[in-house]
Every structure is written in C-alpha cells, then in structure tokens.
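Peer 1: Structure incoming, see below.
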Amino acid sequence: MAESLAEHERILQEIESTDTACVGPTLRSVYDDQPNAHQRFMEKLDACIRNHDREIEKMCNFHHQGFVDAITELLKVRADAGKLKVQVTDTNRRLQDAGKEVIAQTEEIIRCRIQQRNITTVVEKLQLCLPVLEMYSKLKEQMNVKRYYSALKTMEQLENMYLPRVSQYRFCQIMIENLPKLREEIKEISMSDLKDFLESIRKHSDKIGETAMKQAQQQKTFNTALQKQNNVNYGRNMHVINGRVPEPKYEITSKRTLEEEDEHEEEVLTAHDLVDFSPVYRCLHIYSVLGDGETFENYYRKQRRKQARLVLQPQSSMHETVEGYRRYFSQIVGFFVVEDHILHVTQGLVTRAYTDELWNMALSKIIAVLRTHSSYCTDPDLVLELKNLIVVFADTLQGYGFPVNRLFDLLFEIRDQYNETLLKKWAGLFRDIFEADNYSPIPVANEEEYKIVISKFPFQDPELDKQSFPKKLPMSQSVPQIYIQVKEFIYASLKFSESLHRSSTEIDDMLRKSTNLLLTRTLSSCLQNLIKKPHIGLTELVQIIINTTHLEQACKYLEDFITNITNISQETVHTARLYGLSTFKDARHAAEGEIYTKLNQKIDEFIQLADYDWTMSEPAGRASGYLMDLINFLRSTFQVFTHLPGKVAQTACMSACQHLSTSLMQMLLDSELKQISMGAVQQFNLDVIQCELFASSEPVPGFHGDTLQLAFIDLRQLLDLFMVWDWSTYLADYGQPTSKYLRVNPSTALTLLEKMKDTSKKNNIFAQFRKNDRDKQKLIETVVKQLRSLVNGMSQHT
C-alpha cells in the first residue's frame, strides 16, 4: 500500500512537471498497475487538487489589496488618456494636411527615380545589344561582299563573346537560330566556288601545262646555250650533233639567243597568273573554321582523282598528229602543276604522299597509253616529235619533283619502234634509188664533177686518178646515194638519242646497232629483192656486184663517221662493230648465183631455138646458127665480166659451159627424140667443136690449160665413140681408169645407139651396112646386148 502511494506521488509529480503532450505514457502506467489502482490514483489526485486550491486562495488573499489599488489608479489615468487621444488626433490631422504636398512631391520624385533607373537600365542593355547588332550588321555586309571567311570569324565572335551577354532577348534567339543557316549557306557558296574553280582548272590545264613545258624547254635551251658559250670561251672541244664544224660567229649567236630567251621568259605567264586559286584557299579556310576540313579534303581529292582519270583518257585519234600528243601532255602537266602549287601553298589539303600516289597511278596509265598509241605511228618524224614531247614532258615534271625514270625507260621501247619506222622509210628510199639507177659506171667529165662524187662517197683508186678526163668511176649512181642515205639514217637515229640522259658510250652502241639493222636487214633485203627482179639483167647484176664491193669497202668510213659523232673510239671494249661486210658479201653471193641462173636461162633460150633435122643423111658442113649466136652472146657477156672479181667470172664461165654441155647432152638423150641419123650426129659434132673452140679461146682469163674444155669432155668422148665407131675399144677398156671413153656411160651409149638403130630400119646409114656387110648388123646387135648387160650390171651393183 505504501508502495502504491509512493508510485502515485511520483506520477503526480511527473504530470505537474511534464508537458501536456507527453502525459500519455505516464497516465498509461496508472492503468497498468494493480487492480483498483485507478481509484486510488483519482483519490490521490483529488487530494492534490484540494491542496493546490488552498494555496491559490492563500495567494489571492495576500495580493487582493494591491490589485484593488491598481484598478483605482487606472481609473484615474483613463480621463487623461482621453484628452491625450484628442490632442494626438488633432495633431495627426494637422500633420496629414501639411504632408499632402510633400507626399505628392515625394511620389513625383519616386516616379522620376524609377524612370531614371529604367532609362539607365535601358542604356546599359542597349550598350550590351548594340555591339551584337553591329556585329550582325557587319556579318550581313561581309556576306553581301562574299567575304565568307571573315563572316565566319564574325559569327564565332558573336557566338562566343556577344550573344551570351544578351541571350535573354528574343532577337538574340533569332540570331542564334540564323547563324547555323548562314554557315550552311557559306559552305554551299564556297563549295559552289570550288566547283567553279575545279571546272576552271580543268579547262585551263592544257594552257597551264603548255606554259610549264615551254618554261622547262626554254630553261633547258638557255642552259644548253650557256654551256656551249662557256665551251667556246674556254676553248673546249665541242662535238656538234650533226657533225658540222661550228662557225666563229657562234658566240655572238649564243649571246643573242640568251638575250632573246631572257626577254621571252619575262613574257611567260605562270600557273598562278592563268588561274585564280583564291576559291580553293577560301573554301579550305572556311571548312577548316567550320571544323569540317577533312570532308573538304576528301571531296577535293575525290574530284581531282576524277579529273585525273579524264585527263589521262586520250582521244582515239591522238596518234594521228603531234598536236594530239602535245594537248595530251599539256593537260597532264597542267594537272600536276596545279597539284604541286596546292601542295606548297596549303597545309594538309594535298600531301606529298597523295601526289606521289596520284602520279604513280597516272604514270602507269600514261605509259600504257603511249605504248598503245605510239604503236600506230608509221611516220618516223611523228615518232621523233613524240619523243621530244616526252622528253620535255618528263623534264617539266621532274622539275616539280615527280620521278620520271619509267618515262625514259619507255623511250627506249619507243626508240626501237622509231628505228623500225626509220627502217621502213629507208627501205622505200633504197628501193627508189635502185629503181632510178641506170646500173652503169658514173661518168665524170672534169675535175669538178669528180670532186663532187668523191665528196659524197669515199672512193680512192690511184690507177683511176692517173687517167685523164673524161673517165668513168666503176660504181653506179646508187652507191654514193646509198652511202649518203646511210649517213642520213645515222643522223636520224642520233636525233632520237638526244636528251635521253645517256652516256656517249650508250649512244654510240645504239647508233651502231640501228645502223647494223639498216645494213643487215633493210639494205640487205632491198638488195636481195633487187637481184631477184626479172628486169635485172646480167649487166645490171655485174654492176650490182661491183657496187656492193665498193659499199663494203666504205663500211670502215661509216664506223669512223659514227666515232666522230659520239667521240667513242672503235678500240673501246664494248663498242659494237658494223656488220656491213656480211651484208654486202651475201648480196654479192646472191647476185653471183643470179648471174649463173640467168646465164643458164639465156643458154636455155638459145637451146630452145635449135632446129636439128635428126634424120639428115649428111651434115650441113658448118655449125648451127643458134649455137653461133649463143657463143657470140657468151663472148660479149664475158667481156662485161672484166670488172668482176676473177673467181666470179671464172665460175660464171665454167657454170655456163657445164650447163651448155648438159643441155646438149639432154638434147641427144631426150626421150621424145626417137631416131637420130649419123648425119645428125656429125652435124651435132660440128656444134660441139665450136663449143670446144670457144672454151679453148679463154673467154675469161685465169683458166689453166684445157680446164674449161673439160666441161664438154662427156660430149666429146660420146661423139668420138659414135663417129669412130670404136665399140671394141670401149667394151674392152670399160671400167679401167685409162679408158679412152672413160666418161661415156653405158646407159647413155645404149640410148643413143638404140635411136640410131631405129633409124637403120628406114634405110638410113644402116641400110648401107645391111647391103655391104650383114656381119656389121650382127655386131651392132652384139654391142647392144653387151651394153644392156653392162647397164643391168650397174643397176644390180647399185
């Protein structure tokens, strides 16, 4: 119980000392205690309340008198307060009436101050906006005058410096929205200008290239003239290309040439003068400022690659004229001159790697095009002009730093083609010379004419020099003409070798090789064709042999001629030799063979005129007319052979006699000839005697003894056998080296004997034998049988 009271006392203390909001937990403890604790707590609470009421009553009783006194004092002050209120109200009324004007003025001041503040604010804002408007106006003006790069810089200043200060204004928002559109407009305009620029340089590429090539050529001419002038001044040896000695006035000419070159160079325009490059600079700057430089570079390079392909595509008829090639080269040079200019005046738009790649692509295409189109050229002058253009083209681009070694390698291929066209041209010249030649020795009436001939051809003959005028040179007109044309060919070949940056040794080797081709192929072919022509007779063939002999002797002078041009000694290890000796020897051999053939053909023509009466009983007593004509022809022909080498004339004479002997033998043994009388044999013997007399008369000097007569030995022994009728000796000595009729073949004797035997059946010579001596007929039969046995024995042995 005591504990319960103490607990209730504690709870009451907590309630008194605790905030009302926190009384809940304290009161809850009252209900959580023992049963009836709530009742006891309420009793305790009532007791506590009564105690407090008693204390309050005591306090009130203690202070009551003071409270009454205070109320009394307040009632006294109440009247004074009313008076004071009236006074204050009056004072306030009067103060309000007096302050109305002040209030009005104050309000006016406030209004003015507000206006002043607003004006100041407006001025400040205008000061911020005016530069923006000025810059925007400047931007518009720059756009109008097409100063796009400056306009972009102005835009950048607007965006970074001016517009952020006044971005809250609506006009600024409009400006901000317009700036990207203006940038796009500038990009489009600059790109349009770039396209116009690309179109312009495409049109002007040939002019740019022509100017650049002209400058390169002038520079080369200037350097060459300067070098020659120095050589003259210092007395150096100078080998002129055409082999002619320079005149003393060359120094003056050189100075004049240099002055003219200087004047001309001042008039030559540069690529920058011909094309305005500002659009590409402007476009590059604009795209760089816009941060889109890579896109511009890619577009520029792509478009230029397309233009390169168009430039590298030649016209189908380019090979027909040199102007076609010149225009082609000018366009290419112009293209790469522009690229080189762009490379050096811009940074990054064109790189060296890009130009090298583009050049390598172009070079491969150029070489392929030149290979194709140059193969169509048949005019050596056009090929030479093409070579000169390629050299200027290569020198020009080499001056801009592009490698051109492959072009010079291509020139060596074109050189072979040039030589082929030269060979074709000179083949026509040789043919014309041979056609116009009269194939007779050159007559010279006086010393002047003689000097003219030897000035054209290196001819020396001490014996001929001793003769008085008029006289004849052994060769015909074609020899000096051929010699001159060979020298002209060497000049023409040398022209192609100029400016190829090759050593004198290489040039010497090229000249000798091309000259060898001219001699061994072209001239040799022309000579061979000339020799085979049907209208070329024996006299012409003899003259051709004489001509080739002199041309062969002149080959050493041609070698000296090349040596003087190239200044390369013939003793140099790698120096080629001319093969003219073999060419002219082959031509002579062909002419000699043709002489032998034509002699035989002429003999055959005379033989075909033979008209023997093979059944005649008695000979005519003289040789046949056709044979005498033939012998007279041979005599006159062999007289012409006096200028030929001895072996040639001897071989021709021996060949003619052998062919004549063979033809006469074939005439006797002809299968169509069935019968021959003894009178015909005797007549035939008279003709053979004339042939032997001709052979013994030594128609051509140089034969020893009866060498030439041996050509008719077969006929002589055969005819002697039948004329003497010495069959017993023939049959007895047959097969022995010492036989009198060693060259008589049994089959030949049998054939002729059977032809004569058939004649006996028609009362010819054997009719007398039959009447006079029948035993001889039996002897003939016996001889025929023995001859047949010999023939059969030979065939079996074979």
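Chain labels A, B, ... are given in the sequence in which chains occur in the structure tokens; within each chain residues are numbered consecutively from 1, and ligands are likewise numbered from 1 in the order shown.
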Name the residues in contact with A:Ile390 at a cut-off of 8 Å, using only C-alpha atoms, excluding same-chain residues fewer than 6 positions from it; report them as a PyMOL selection string.

Peer 2: chain A and resi 329+407+411

Peer 1: What would the file look like if the residues just selected were written as a PDB file, in the first residue's frame with N, CA, C and O atoms?

Peer 2:
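Okay, this is what ended up in part-v9.pdb:
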ATOM      1  N   PHE A 329      49.793  15.795-123.308  1.00  0.00           N
ATOM      2  CA  PHE A 329      50.840  16.058-122.324  1.00  0.00           C
ATOM      3  C   PHE A 329      50.587  17.367-121.589  1.00  0.00           C
ATOM      4  O   PHE A 329      50.821  17.462-120.371  1.00  0.00           O
ATOM      5  N   LEU A 407      59.502   6.888-117.655  1.00  0.00           N
ATOM      6  CA  LEU A 407      59.262   7.512-118.965  1.00  0.00           C
ATOM      7  C   LEU A 407      60.482   7.367-119.861  1.00  0.00           C
ATOM      8  O   LEU A 407      60.361   7.099-121.062  1.00  0.00           O
ATOM      9  N   LEU A 411      61.005   5.433-123.391  1.00  0.00           N
ATOM     10  CA  LEU A 411      61.613   5.994-124.603  1.00  0.00           C
ATOM     11  C   LEU A 411      62.512   4.977-125.295  1.00  0.00           C
ATOM     12  O   LEU A 411      62.660   5.019-126.516  1.00  0.00           O
TER      13      LEU A 411
END

Peer 1: Using only C-alpha atoms, which residues sit within 8 Å of A:Leu715 once same-chain residues fewer than 3 positions away are excluded, as a list in words?

Peer 2: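 Residues near the query, excluding close chain neighbours: Ser661, Met665, Val688, Phe712, Leu718 and Leu719 of chain A.
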
Peer 1: Give me the residues within 12 Å of A:Val275 as a list in words, counting only C-alpha atoms and dropping any in the same chain fewer than 4 places off.

Peer 2: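 Result of the neighbour search: Asp196, Phe197, Leu198, Glu199, Ser200, Ile201, Arg202, Lys203, His204, Ser205, Asp206, Lys207, Ile208, Leu269, Thr270, Ala271, Pro279, Val280, Gly334, Phe335, Val337, Val338, His341 and Ile342 of chain A.
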
Peer 1: Rank nothing, just name the residue among A:Gly537, A:Pro462, A:Gly793, A:Pro470 nearest to A:Glu592, using only C-alpha atoms.

Peer 2: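 Of all the options, A:Gly537 lies closest to A:Glu592.
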
Peer 1: What's the separation between atom CA of A:Arg301 and atom CA of A:Lys187, in Å to one decimal place?

Peer 2: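 We find that atom CA of A:Arg301 and atom CA of A:Lys187 lie 17.4 Å from each other.
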
Peer 1: Tell me, in Å to one decimal, how far atom CA of A:Thr615 is from atom CA of A:Phe684.

Peer 2: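 Separation between atom CA of A:Thr615 and atom CA of A:Phe684: 12.0 Å.
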
Peer 1: Please determine, counting only C-alpha atoms, which residue among A:Ala212, A:Ile490, A:Ile780, A:Leu473 has the shortest atom-to-atom distance to A:Asp273.

Peer 2: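 Checking each of A:Ala212, A:Ile490, A:Ile780, A:Leu473 against A:Asp273, counting only C-alpha atoms, the winner is A:Ala212.
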
Peer 1: Skip A:Gly401 itself and residues of its chain fewer than 4 positions away, then list as a PyMOL selection string all residues within 10 Å of it, counting only C-alpha atoms.

Peer 2: chain A and resi 340+352+356+395-397

Peer 1: Would you mind exporting the chosen residues as a PDB file, in the first residue's frame, restricted to N, CA and C atoms?

Peer 2:
ATOM      1  N   ASP A 340      50.887  20.495-107.521  1.00  0.00           N
ATOM      2  CA  ASP A 340      52.129  20.900-106.851  1.00  0.00           C
ATOM      3  C   ASP A 340      51.967  22.285-106.232  1.00  0.00           C
ATOM      4  N   ARG A 352      52.408  15.186 -99.993  1.00  0.00           N
ATOM      5  CA  ARG A 352      53.366  14.596-100.923  1.00  0.00           C
ATOM      6  C   ARG A 352      53.023  13.130-101.197  1.00  0.00           C
ATOM      7  N   ASP A 356      52.291  11.701-104.857  1.00  0.00           N
ATOM      8  CA  ASP A 356      53.106  10.577-105.356  1.00  0.00           C
ATOM      9  C   ASP A 356      52.216   9.414-105.773  1.00  0.00           C
ATOM     10  N   ASP A 395      61.041  16.207-118.373  1.00  0.00           N
ATOM     11  CA  ASP A 395      61.873  17.230-117.744  1.00  0.00           C
ATOM     12  C   ASP A 395      61.027  18.221-116.951  1.00  0.00           C
ATOM     13  N   THR A 396      59.854  18.552-117.499  1.00  0.00           N
ATOM     14  CA  THR A 396      58.975  19.505-116.803  1.00  0.00           C
ATOM     15  C   THR A 396      58.517  18.945-115.467  1.00  0.00           C
ATOM     16  N   LEU A 397      58.005  17.715-115.492  1.00  0.00           N
ATOM     17  CA  LEU A 397      57.504  17.128-114.250  1.00  0.00           C
ATOM     18  C   LEU A 397      58.634  16.778-113.293  1.00  0.00           C
TER      19      LEU A 397
END

Peer 1: Quick one: residues within 8 Å of stretch 689-696 of chain A, only C-alpha atoms counted, chain neighbours fewer than 5 positions away excluded, as a count of residues only?

Peer 2: 8

Peer 1: Hey, can you check how far atom CA of A:Thr211 sits from atom CA of A:Phe336?

Peer 2: 12.8 Å

Peer 1: Contacts of A:Leu152 at 8 Å or less, counting only C-alpha atoms, minus same-chain residues fewer than 4 places along, as a ChimeraX atom specification?

Peer 2: /A:148,156,183,286,289

Peer 1: Could you save those same residues with all heavy atoms as a compact mmCIF listing (two decimals), in the first residue's frame?

Peer 2:
# COMPACT_ATOMS: atom_id res chain seq x y z
N TYR A 148 33.50 35.48 -96.99
CA TYR A 148 32.91 34.42 -96.17
C TYR A 148 33.81 34.02 -95.01
O TYR A 148 33.31 33.67 -93.92
CB TYR A 148 32.60 33.22 -97.05
CG TYR A 148 31.65 33.55 -98.17
CD1 TYR A 148 32.04 33.46 -99.49
CD2 TYR A 148 30.35 34.00 -97.89
CE1 TYR A 148 31.18 33.78 -100.53
CE2 TYR A 148 29.48 34.32 -98.92
CZ TYR A 148 29.89 34.22 -100.24
OH TYR A 148 29.04 34.54 -101.24
N GLU A 156 31.82 33.57 -85.17
CA GLU A 156 32.47 33.00 -83.99
C GLU A 156 32.52 34.00 -82.85
O GLU A 156 32.26 33.65 -81.68
CB GLU A 156 33.88 32.56 -84.39
CG GLU A 156 34.61 31.79 -83.30
CD GLU A 156 35.96 31.30 -83.77
OE1 GLU A 156 36.26 31.37 -84.98
OE2 GLU A 156 36.75 30.84 -82.92
N ARG A 183 25.96 29.57 -91.82
CA ARG A 183 27.13 28.71 -92.02
C ARG A 183 26.91 27.73 -93.17
O ARG A 183 27.78 27.53 -94.01
CB ARG A 183 27.42 27.95 -90.72
CG ARG A 183 28.13 28.79 -89.66
CD ARG A 183 28.71 27.89 -88.58
NE ARG A 183 29.48 28.66 -87.62
CZ ARG A 183 29.00 29.15 -86.50
NH1 ARG A 183 27.72 28.97 -86.20
NH2 ARG A 183 29.77 29.84 -85.68
N ILE A 286 37.39 28.13 -94.90
CA ILE A 286 36.01 28.08 -94.40
C ILE A 286 35.73 26.72 -93.78
O ILE A 286 35.21 26.63 -92.65
CB ILE A 286 35.03 28.38 -95.55
CG1 ILE A 286 35.11 29.87 -95.93
CG2 ILE A 286 33.61 28.00 -95.17
CD1 ILE A 286 34.34 30.23 -97.18
N VAL A 289 37.63 26.37 -90.52
CA VAL A 289 36.99 27.11 -89.42
C VAL A 289 35.75 26.39 -88.94
O VAL A 289 35.46 26.34 -87.74
CB VAL A 289 36.66 28.55 -89.89
CG1 VAL A 289 35.77 29.25 -88.87
CG2 VAL A 289 37.93 29.34 -90.11

Peer 1: Given the choices A:Arg635, A:Arg309, A:Lys153, A:Lys181, which gets closest to A:Lys138 if the distance is worked out from only C-alpha atoms?

Peer 2: A:Lys153

Peer 1: Neighbours of A:Tyr149 within 10 Å (only C-alpha atoms; same-chain residues fewer than 5 positions away dropped), as a PyMOL selection string?

Peer 2: chain A and resi 142-143+154-155+186+190+281-290

Peer 1: Could those selected residues go to a file with all heavy atoms, as a compact mmCIF listing (two decimals), in the first residue's frame?

Peer 2:
# COMPACT_ATOMS: atom_id res chain seq x y z
N GLN A 142 29.49 41.44 -94.80
CA GLN A 142 30.51 40.51 -95.26
C GLN A 142 29.92 39.44 -96.16
O GLN A 142 30.55 39.00 -97.14
CB GLN A 142 31.22 39.87 -94.06
CG GLN A 142 32.11 40.84 -93.30
CD GLN A 142 32.60 40.26 -91.98
OE1 GLN A 142 32.03 39.30 -91.46
NE2 GLN A 142 33.65 40.88 -91.43
N MET A 143 28.73 38.99 -95.82
CA MET A 143 28.06 38.01 -96.68
C MET A 143 27.75 38.62 -98.04
O MET A 143 27.89 37.94 -99.08
CB MET A 143 26.77 37.53 -96.01
CG MET A 143 26.98 36.68 -94.78
SD MET A 143 27.63 35.04 -95.15
CE MET A 143 26.24 34.31 -95.99
N THR A 154 33.39 36.51 -87.74
CA THR A 154 32.40 37.36 -87.08
C THR A 154 31.36 36.50 -86.36
O THR A 154 30.96 36.82 -85.23
CB THR A 154 31.72 38.26 -88.11
OG1 THR A 154 32.72 39.04 -88.79
CG2 THR A 154 30.73 39.19 -87.45
N MET A 155 30.91 35.44 -87.00
CA MET A 155 29.96 34.53 -86.34
C MET A 155 30.56 33.94 -85.07
O MET A 155 29.88 33.82 -84.04
CB MET A 155 29.59 33.39 -87.30
CG MET A 155 28.70 33.78 -88.44
SD MET A 155 28.26 32.31 -89.38
CE MET A 155 27.67 33.07 -90.88
N ILE A 186 27.16 29.60 -96.34
CA ILE A 186 28.56 29.85 -96.69
C ILE A 186 29.23 28.59 -97.23
O ILE A 186 29.98 28.63 -98.21
CB ILE A 186 29.32 30.40 -95.46
CG1 ILE A 186 28.83 31.81 -95.12
CG2 ILE A 186 30.82 30.39 -95.70
CD1 ILE A 186 29.42 32.37 -93.85
N SER A 190 30.75 28.45 -100.89
CA SER A 190 32.18 28.16 -101.07
C SER A 190 32.37 26.87 -101.87
O SER A 190 33.28 26.77 -102.69
CB SER A 190 32.87 28.05 -99.71
OG SER A 190 32.32 26.99 -98.95
N TYR A 281 41.60 28.31 -101.66
CA TYR A 281 42.10 28.77 -100.36
C TYR A 281 40.92 29.12 -99.45
O TYR A 281 40.88 28.73 -98.28
CB TYR A 281 42.98 30.01 -100.52
CG TYR A 281 44.12 29.87 -101.48
CD1 TYR A 281 44.62 30.97 -102.17
CD2 TYR A 281 44.72 28.62 -101.71
CE1 TYR A 281 45.68 30.85 -103.05
CE2 TYR A 281 45.78 28.50 -102.60
CZ TYR A 281 46.24 29.62 -103.27
OH TYR A 281 47.27 29.50 -104.15
N ARG A 282 39.99 29.89 -100.01
CA ARG A 282 38.84 30.35 -99.23
C ARG A 282 38.01 29.17 -98.74
O ARG A 282 37.63 29.11 -97.57
CB ARG A 282 38.00 31.29 -100.09
CG ARG A 282 36.82 31.91 -99.37
CD ARG A 282 36.26 33.08 -100.15
NE ARG A 282 35.87 32.72 -101.51
CZ ARG A 282 36.49 33.17 -102.60
NH1 ARG A 282 37.51 34.01 -102.48
NH2 ARG A 282 36.09 32.82 -103.80
N CYS A 283 37.77 28.24 -99.62
CA CYS A 283 36.96 27.08 -99.24
C CYS A 283 37.68 26.26 -98.17
O CYS A 283 37.06 25.75 -97.23
CB CYS A 283 36.68 26.23 -100.48
SG CYS A 283 35.33 25.06 -100.27
N LEU A 284 39.00 26.12 -98.33
CA LEU A 284 39.77 25.36 -97.33
C LEU A 284 39.69 26.05 -95.98
O LEU A 284 39.46 25.40 -94.94
CB LEU A 284 41.23 25.25 -97.79
CG LEU A 284 42.20 24.61 -96.80
CD1 LEU A 284 41.78 23.19 -96.49
CD2 LEU A 284 43.62 24.67 -97.32
N HIS A 285 39.87 27.37 -95.94
CA HIS A 285 39.79 28.11 -94.68
C HIS A 285 38.40 28.01 -94.07
O HIS A 285 38.25 27.83 -92.85
CB HIS A 285 40.16 29.58 -94.90
CG HIS A 285 41.60 29.76 -95.24
ND1 HIS A 285 42.08 30.89 -95.89
CD2 HIS A 285 42.68 28.97 -95.03
CE1 HIS A 285 43.39 30.76 -96.05
NE2 HIS A 285 43.77 29.61 -95.56
N ILE A 286 37.39 28.13 -94.90
CA ILE A 286 36.01 28.08 -94.40
C ILE A 286 35.73 26.72 -93.78
O ILE A 286 35.21 26.63 -92.65
CB ILE A 286 35.03 28.38 -95.55
CG1 ILE A 286 35.11 29.87 -95.93
CG2 ILE A 286 33.61 28.00 -95.17
CD1 ILE A 286 34.34 30.23 -97.18
N TYR A 287 36.06 25.66 -94.48
CA TYR A 287 35.80 24.33 -93.93
C TYR A 287 36.67 24.04 -92.72
O TYR A 287 36.25 23.31 -91.80
CB TYR A 287 36.02 23.26 -95.00
CG TYR A 287 34.79 23.00 -95.85
CD1 TYR A 287 34.42 23.89 -96.85
CD2 TYR A 287 33.98 21.90 -95.62
CE1 TYR A 287 33.29 23.67 -97.61
CE2 TYR A 287 32.85 21.66 -96.37
CZ TYR A 287 32.50 22.55 -97.37
OH TYR A 287 31.37 22.33 -98.12
N SER A 288 37.87 24.62 -92.67
CA SER A 288 38.72 24.43 -91.50
C SER A 288 38.11 25.15 -90.30
O SER A 288 38.09 24.60 -89.18
CB SER A 288 40.12 24.97 -91.79
OG SER A 288 40.73 24.26 -92.86
N VAL A 289 37.63 26.37 -90.52
CA VAL A 289 36.99 27.11 -89.42
C VAL A 289 35.75 26.39 -88.94
O VAL A 289 35.46 26.34 -87.74
CB VAL A 289 36.66 28.55 -89.89
CG1 VAL A 289 35.77 29.25 -88.87
CG2 VAL A 289 37.93 29.34 -90.11
N LEU A 290 35.02 25.81 -89.87
CA LEU A 290 33.79 25.09 -89.51
C LEU A 290 34.07 23.72 -88.92
O LEU A 290 33.13 22.99 -88.58
CB LEU A 290 32.88 24.95 -90.73
CG LEU A 290 32.33 26.26 -91.30
CD1 LEU A 290 31.53 25.99 -92.57
CD2 LEU A 290 31.46 26.97 -90.27
